[in-house]
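A.B. asks: Quick one: structure below, then a few questions.
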Amino acid sequence: MATELEELVGFLSSPSPTLTKAAVDIVHGLTGSEDGLKSLANHAEILLPPLSRLVAGKKEVSEPAAVALVNLSQRSDVAAKMVGMGMTNMVMDLLFKSEPNISRLLVMLLVNLTQLEGGTASLLQTGDEKMQGLYVMKLVRSFCRSSSGEDSEDPFEHVGSILVNISKKEAGRKLLLDPKRGLLKQIIRQYDSSSPLRRKGVSGTIRNCCFEAESELQNLLLISEFLWPALLLPVAGNKIYSQQDRSKMPLELSSALSIEREPVDDPEIRAQALEAIYMITLQEAGLRAFWSVNGPRIIQVGYEDEEDPKVMEAYEQLGSLLINSSGAEEPTIETSN
């Protein structure tokens, strides 16, 4: 005999819109609790196919179905089953045809799926030479074109978190750093977005890509016009820099540092920027490029205003590298006791 939960799942495929709506609302409600998620996870094989089909339906069923999938995907065992059944392809097929609120939920679903190695591989389309990178290119394009207004949600701001996830893998970093695709250059331009989620996503993605600095330094420095402001302005403090300091900087830095700025409140973004700079300056050509934009002076001034212990540690690690590098004037960064 079918259990109550199996009967409920059966109603998700009912020809009666009323029954379908009632069933998906109950499933949606169950995903709001740990006990409910656990019960549904035990029936994932029969639950996921009808639930995913409803996402393409009318709003009264598509929204609760999408929310339920997002909640279910927080469990790695269910997320793995989603990846196995081709959920990534389904999401990418629907994403750009859906209403903004559904698109936002589908992007959140991808965030959870790309926390798994299989989810990242399916989004990168590894193994398919002709299609590889197409999904990511579409996501980056939407991420860079959309934004949130005061009265509207930003359906693609969580793409930043997807980019962080895929850039944890070498294949993802290589894709983003490919100069022919120009993806990282597009992404970096969102570093000063009004959305904290976007800023954090951009910062984490740049930092992850810098793990390839040894082999990809040339490609990183090709976009230095955008890279240095994204990395240095968050750690520059909010003081106005002197004309003497600014005269040694490119215009994109000197103009920004000639006025008072809002500080970057998120210490994780500041720490990630410093870690990225450190990985770049470990390479001789990266170190020269950093000195050429008067980067050490910015690090020195920014350190003076820093109060977060972990960020101060990142400043000091970078400062030690700069001091120990040969042949350049040394910035003064005192290490904390």
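The chains in the structure tokens are called A, B, ... from first to last as shown; in each chain the residues are counted from 1, and the ligands are counted from 1 in the order shown.
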Need to verify the contact set: stretch 54-65 of chain A, 10 Å, only C-alpha atoms, exclusion of same-chain residues closer than 4 positions in sequence. Can you return it as a ChimeraX atom specification?
C.D. replies: /A:12-13,17,20-29,48-50,69-71,90-91,93-95,97-99,101-103,105-106
A.B. asks: Would you mind listing what lies within 12 Å of A:Asp154 as a VMD selection string, with only C-alpha atoms counted and same-chain residues fewer than 6 positions away left out?
C.D. replies: chain A and resid 99 to 105 107 to 108 142 to 148 160 193 to 198
A.B. asks: Of the residues A:Asp178, A:Glu7, A:Glu260, A:Glu284, which is the one nearest to A:Met137, using only C-alpha atoms?
C.D. replies: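 Answer, going by the shortest atom-to-atom distance: A:Asp178.
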A.B. asks: Would you kindly return, as a PyMOL selection string, each protein, DNA or RNA residue with an atom no farther than 10 Å from any atom of A:Tyr303, considering only C-alpha atoms and excluding same-chain residues fewer than 4 positions away?
C.D. replies: chain A and resi 235-237+297-299+307+311-316+319+332-334
A.B. asks: What would the file look like if the residues just selected were written as a PDB file, in the first residue's frame with N, CA, C and O atoms?
C.D. replies:
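See result-v4.pdb below for the written result:
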```pdb
ATOM      1  N   VAL A 235      40.842  47.714  -0.177  1.00  0.00           N
ATOM      2  CA  VAL A 235      41.816  47.689   0.925  1.00  0.00           C
ATOM      3  C   VAL A 235      42.597  49.002   1.020  1.00  0.00           C
ATOM      4  O   VAL A 235      43.630  49.080   1.683  1.00  0.00           O
ATOM      5  N   ALA A 236      42.075  50.056   0.386  1.00  0.00           N
ATOM      6  CA  ALA A 236      42.788  51.344   0.345  1.00  0.00           C
ATOM      7  C   ALA A 236      42.406  52.271   1.493  1.00  0.00           C
ATOM      8  O   ALA A 236      42.947  53.370   1.598  1.00  0.00           O
ATOM      9  N   GLY A 237      41.482  51.833   2.367  1.00  0.00           N
ATOM     10  CA  GLY A 237      40.984  52.741   3.391  1.00  0.00           C
ATOM     11  C   GLY A 237      40.085  53.788   2.761  1.00  0.00           C
ATOM     12  O   GLY A 237      39.731  53.695   1.583  1.00  0.00           O
ATOM     13  N   ARG A 297      52.074  51.422  -1.602  1.00  0.00           N
ATOM     14  CA  ARG A 297      51.639  52.606  -0.839  1.00  0.00           C
ATOM     15  C   ARG A 297      50.175  52.456  -0.406  1.00  0.00           C
ATOM     16  O   ARG A 297      49.798  52.814   0.716  1.00  0.00           O
ATOM     17  N   ILE A 298      49.350  51.907  -1.297  1.00  0.00           N
ATOM     18  CA  ILE A 298      47.940  51.703  -0.964  1.00  0.00           C
ATOM     19  C   ILE A 298      47.808  50.700   0.179  1.00  0.00           C
ATOM     20  O   ILE A 298      47.010  50.892   1.110  1.00  0.00           O
ATOM     21  N   ILE A 299      48.612  49.653   0.146  1.00  0.00           N
ATOM     22  CA  ILE A 299      48.593  48.652   1.215  1.00  0.00           C
ATOM     23  C   ILE A 299      49.021  49.281   2.541  1.00  0.00           C
ATOM     24  O   ILE A 299      48.442  49.021   3.594  1.00  0.00           O
ATOM     25  N   GLU A 307      41.138  47.250  11.345  1.00  0.00           N
ATOM     26  CA  GLU A 307      40.934  46.831  12.732  1.00  0.00           C
ATOM     27  C   GLU A 307      40.653  45.335  12.862  1.00  0.00           C
ATOM     28  O   GLU A 307      40.786  44.763  13.939  1.00  0.00           O
ATOM     29  N   VAL A 311      42.083  40.324   8.726  1.00  0.00           N
ATOM     30  CA  VAL A 311      42.461  41.169   7.590  1.00  0.00           C
ATOM     31  C   VAL A 311      43.845  41.770   7.835  1.00  0.00           C
ATOM     32  O   VAL A 311      44.670  41.844   6.915  1.00  0.00           O
ATOM     33  N   MET A 312      44.116  42.162   9.068  1.00  0.00           N
ATOM     34  CA  MET A 312      45.442  42.689   9.405  1.00  0.00           C
ATOM     35  C   MET A 312      46.521  41.643   9.129  1.00  0.00           C
ATOM     36  O   MET A 312      47.596  41.948   8.609  1.00  0.00           O
ATOM     37  N   GLU A 313      46.194  40.395   9.424  1.00  0.00           N
ATOM     38  CA  GLU A 313      47.133  39.303   9.164  1.00  0.00           C
ATOM     39  C   GLU A 313      47.418  39.175   7.668  1.00  0.00           C
ATOM     40  O   GLU A 313      48.565  38.944   7.253  1.00  0.00           O
ATOM     41  N   ALA A 314      46.373  39.360   6.856  1.00  0.00           N
ATOM     42  CA  ALA A 314      46.550  39.290   5.395  1.00  0.00           C
ATOM     43  C   ALA A 314      47.402  40.458   4.897  1.00  0.00           C
ATOM     44  O   ALA A 314      48.244  40.288   4.004  1.00  0.00           O
ATOM     45  N   TYR A 315      47.180  41.661   5.472  1.00  0.00           N
ATOM     46  CA  TYR A 315      48.031  42.817   5.130  1.00  0.00           C
ATOM     47  C   TYR A 315      49.490  42.501   5.464  1.00  0.00           C
ATOM     48  O   TYR A 315      50.405  42.797   4.686  1.00  0.00           O
ATOM     49  N   GLU A 316      49.700  41.930   6.650  1.00  0.00           N
ATOM     50  CA  GLU A 316      51.062  41.694   7.131  1.00  0.00           C
ATOM     51  C   GLU A 316      51.767  40.623   6.298  1.00  0.00           C
ATOM     52  O   GLU A 316      52.970  40.724   6.039  1.00  0.00           O
ATOM     53  N   GLY A 319      52.678  42.438   3.221  1.00  0.00           N
ATOM     54  CA  GLY A 319      53.752  43.385   3.541  1.00  0.00           C
ATOM     55  C   GLY A 319      55.100  42.705   3.661  1.00  0.00           C
ATOM     56  O   GLY A 319      56.123  43.215   3.178  1.00  0.00           O
ATOM     57  N   THR A 332      56.309  50.417   4.883  1.00  0.00           N
ATOM     58  CA  THR A 332      56.406  50.178   6.324  1.00  0.00           C
ATOM     59  C   THR A 332      55.092  49.616   6.834  1.00  0.00           C
ATOM     60  O   THR A 332      54.082  50.308   6.886  1.00  0.00           O
ATOM     61  N   ILE A 333      55.108  48.344   7.173  1.00  0.00           N
ATOM     62  CA  ILE A 333      53.954  47.701   7.794  1.00  0.00           C
ATOM     63  C   ILE A 333      54.458  47.005   9.039  1.00  0.00           C
ATOM     64  O   ILE A 333      55.219  46.047   8.969  1.00  0.00           O
ATOM     65  N   GLU A 334      54.072  47.530  10.192  1.00  0.00           N
ATOM     66  CA  GLU A 334      54.516  46.925  11.446  1.00  0.00           C
ATOM     67  C   GLU A 334      53.625  45.724  11.754  1.00  0.00           C
ATOM     68  O   GLU A 334      52.408  45.830  11.713  1.00  0.00           O
TER      69      GLU A 334
END
```
A.B. asks: Give the alpha helix (DSSP H) residues of stretch 168-282 of chain A, as assigned by DSSP on the backbone, as a ChimeraX atom specification.
C.D. replies: /A:170-177,183-188,196-209,213-221,224-232,243-246,251-254,267-281
A.B. asks: What's the separation between atom CA of A:Glu117 and atom CA of A:Val164, in Å to one decimal place?
C.D. replies: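 Interatomic distance, atom CA of A:Glu117 to atom CA of A:Val164: 13.1 Å.
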A.B. asks: Would you pick out the contacts of A:Ser254 at 12 Å or less, using only C-alpha atoms, so that residues sharing its chain but fewer than 3 positions from it are not included, and give the list as a PyMOL selection string?
C.D. replies: chain A and resi 228-229+232-233+236+240-251+257-259+293-295+298
A.B. asks: Please identify all polymer residues within 10 Å of A:Glu212, counting only C-alpha atoms, omitting same-chain residues fewer than 6 positions from it, and present them as a list in words.
C.D. replies: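 Listing them by chain and then by number gives Glu170, Arg173, Lys174, Leu177, Asn219, Leu220, Met279 and Ile280 of chain A.
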A.B. asks: Quick one, how far is atom CA of A:Arg261 from atom CA of A:Leu221?
C.D. replies: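 Rounded to one decimal, the two atoms are 25.5 Å apart.
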A.B. asks: Which value, in Å to one decimal, gives the distance between atom CA of A:Thr205 and atom CA of A:Ala285?
C.D. replies: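 Separating atom CA of A:Thr205 from atom CA of A:Ala285 is a distance of 21.6 Å.
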A.B. asks: Which polymer residues have any atom within 8 Å of an atom of stretch 133-135 of chain A, counting only C-alpha atoms, with same-chain residues fewer than 5 positions away left out, as a PyMOL selection string?
C.D. replies: chain A and resi 92+123-125+175
A.B. asks: Next, dump the selected residues to file, keeping only N, CA, C and O atoms, as a PDB file, in the first residue's frame.
C.D. replies:
```pdb
ATOM      1  N   MET A  92      18.890  25.344 -16.732  1.00  0.00           N
ATOM      2  CA  MET A  92      19.413  26.239 -17.757  1.00  0.00           C
ATOM      3  C   MET A  92      18.439  26.405 -18.917  1.00  0.00           C
ATOM      4  O   MET A  92      18.409  27.446 -19.573  1.00  0.00           O
ATOM      5  N   LEU A 123      27.546  22.022 -14.982  1.00  0.00           N
ATOM      6  CA  LEU A 123      27.385  23.420 -15.392  1.00  0.00           C
ATOM      7  C   LEU A 123      28.504  23.853 -16.331  1.00  0.00           C
ATOM      8  O   LEU A 123      28.276  24.621 -17.269  1.00  0.00           O
ATOM      9  N   LEU A 124      29.710  23.351 -16.087  1.00  0.00           N
ATOM     10  CA  LEU A 124      30.840  23.670 -16.973  1.00  0.00           C
ATOM     11  C   LEU A 124      30.747  22.917 -18.297  1.00  0.00           C
ATOM     12  O   LEU A 124      31.439  23.253 -19.254  1.00  0.00           O
ATOM     13  N   GLN A 125      29.889  21.892 -18.322  1.00  0.00           N
ATOM     14  CA  GLN A 125      29.708  21.041 -19.511  1.00  0.00           C
ATOM     15  C   GLN A 125      31.023  20.383 -19.911  1.00  0.00           C
ATOM     16  O   GLN A 125      31.362  20.291 -21.092  1.00  0.00           O
ATOM     17  N   LEU A 175      38.408  28.371 -17.577  1.00  0.00           N
ATOM     18  CA  LEU A 175      37.340  28.914 -18.421  1.00  0.00           C
ATOM     19  C   LEU A 175      37.188  30.418 -18.206  1.00  0.00           C
ATOM     20  O   LEU A 175      37.123  31.200 -19.164  1.00  0.00           O
TER      21      LEU A 175
END
```
A.B. asks: For A:Ser224, which residue among A:Phe96, A:Tyr191, A:Phe290, A:Phe211 is the nearest when counting only C-alpha atoms?
C.D. replies: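 Closest to A:Ser224 of all the choices is A:Phe290.
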